[in-house]
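See structure below.
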Amino acid sequence: MNDGMTLWRERVNAYWNMAIRYLRLIGNSGFLFTVYVLIIIGSYYYSVFLDWLPHSFPAVWVFVAVFAHLLTRSDVRTFVKPADVVFLLPYESKLGTYFKASKWYTTVLQCAVILLVLVILSPLFSQYLASEAGSLFLIFVFLTVAKIWNVFASWEEQRFQGDSERHSHFLLRGIVNITFTFFLFSGSHSLFIVATLFIMLGLWFLYYKRLSERLTIKWDHLIEVEQAMLLSFYRVANAFTDVPQLKNKVRPRHYLNWLINGLTDSNKSVYHYLFSKSFIRSNDYGGIYIRLVFIAAIVIIALPSGWLQLVVLLLFLHMMTTQLSTLWYHYDTNMWVDLYPVDIDMKKNALSQLTFRLLIIMSGVQVGVLLVTSTWQITATGLVIAIAYAYIGSQKLVHKRRK
């Protein structure tokens, strides 16, 4: 191997060619429409929320918590593959440009995330911190410098063999970042900010840079980190389409087996049993369901009493229906399931029954929230809408999404 950059470009292009295909499917998904509506509703009530906040609201600590986290979490995207531990290990000395490109690639993407979050929080910044913290642009420049330090330091930390050493260094960077962001957003004198940056610079030259001289790259750990990042993207894409590369984590959860008979008539057919079992054991279904139920309840509580609460209720039921529609494909890669002498209509019936009961449970929770936070007219209307959607969604929409 003569040029590490050639290999890096090939892998980045291959990844983005794959990612763009999934992003197109996400963009064409009806699920995304739900997200658009929630963003529009959220943007309106964002200003209402800011007006509601008291003058004593600790906005500084909100910014410190958010941006210290974004700075400290700086895993480097390397695009390495499991086979590299065998085939690229002999060429490790020639991969300097490869890993250097990975560090700058990671820096650019994570700085873009910081910029996006900064823009989203800019109204809160203008209301509480602008008079003391100064220019938002200058703050972004300082955050970019700090992010570069974190990414390059995080890369050197990957050379440690044990998780305890990596975690202790992660904690060290976290303390430095908390101190830095506090000085940055609290309106402290610029000397404190510059002094913290010099401390970062000193740590880099006196400690982190020397790690490369005595420690080698830990390929197994790099592969583990890369696979975790890739899995995160696949999980998002799997909400909209079937992702063959996704390796789902399944947990036994024997303590929840009593729910199986409640979710479906599990003795009716093999699919009634399998779908309910998969829902309980897989985080891609049960975990998402619980999160959506809680998020929907929180949003409904936050909104003022009115028709917008009903819109949010309907949108979250739609989101849950879209999620459950992917259960249809859950066993497509398992050849043994095809051996069961079960008619396709029975499989449809199993998915419909599970979806209906889950939507009814979700509706019951949200209607209970409406009963406490809204008028009886809104609650009654919400009950009717939820039951109607649960029936239509389970009988028609969940199968329509599947197609």
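Quick note on naming: the chains in the structure tokens go A, B, ... in the order shown, residues restart at 1 in each chain, and ligands are numbered from 1 in order of appearance.
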
Original post:
Which neighbours of segment 287-294 of chain A fall inside 10 Å, counting only C-alpha atoms, when residues of the same chain fewer than 2 positions from it are skipped, and could you give them as a VMD selection string?
Top reply: chain A and resid 239 279 to 285 296 to 300 313 316 to 317 319 to 321 323 to 324 358 to 359 361 to 363 365 to 366

**OP:** For segment 73-86 of chain A, please output as a list of chain:residue names all residues within 6 Å (counting only C-alpha atoms; exclusion window: fewer than 4 positions along the same chain).
**Re:**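 The residues satisfying every condition are A:Ser102, A:Lys103, A:Thr106, A:Val151, A:Trp219, A:Ile223.
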
Dump as a tab-separated table (two decimals), in the first residue's frame, selection limited to N, CA and C atoms:
chain	number	residue	atom	x	y	z
A	102	SER	N	-9.24	11.00	8.76
A	102	SER	CA	-10.38	10.60	9.59
A	102	SER	C	-10.60	11.60	10.72
A	103	LYS	N	-9.51	12.09	11.31
A	103	LYS	CA	-9.64	13.05	12.42
A	103	LYS	C	-10.24	14.36	11.94
A	106	THR	N	-13.95	13.89	11.06
A	106	THR	CA	-14.75	13.87	12.28
A	106	THR	C	-14.91	15.27	12.85
A	151	VAL	N	-11.06	16.14	19.61
A	151	VAL	CA	-11.00	15.06	18.61
A	151	VAL	C	-9.59	14.45	18.56
A	219	TRP	N	-6.45	-1.95	17.14
A	219	TRP	CA	-7.37	-2.16	16.03
A	219	TRP	C	-8.72	-2.71	16.47
A	223	ILE	N	-12.30	-0.90	15.60
A	223	ILE	CA	-13.36	-1.60	14.88
A	223	ILE	C	-14.65	-1.59	15.70

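The two atoms in question, atom CA of Tyr98 of chain A and atom CA of Trp8 of chain A, are spaced 5.7 Å apart.
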
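The space between atom CA of Lys147 of chain A and atom CA of Asp3 of chain A spans 27.6 Å.
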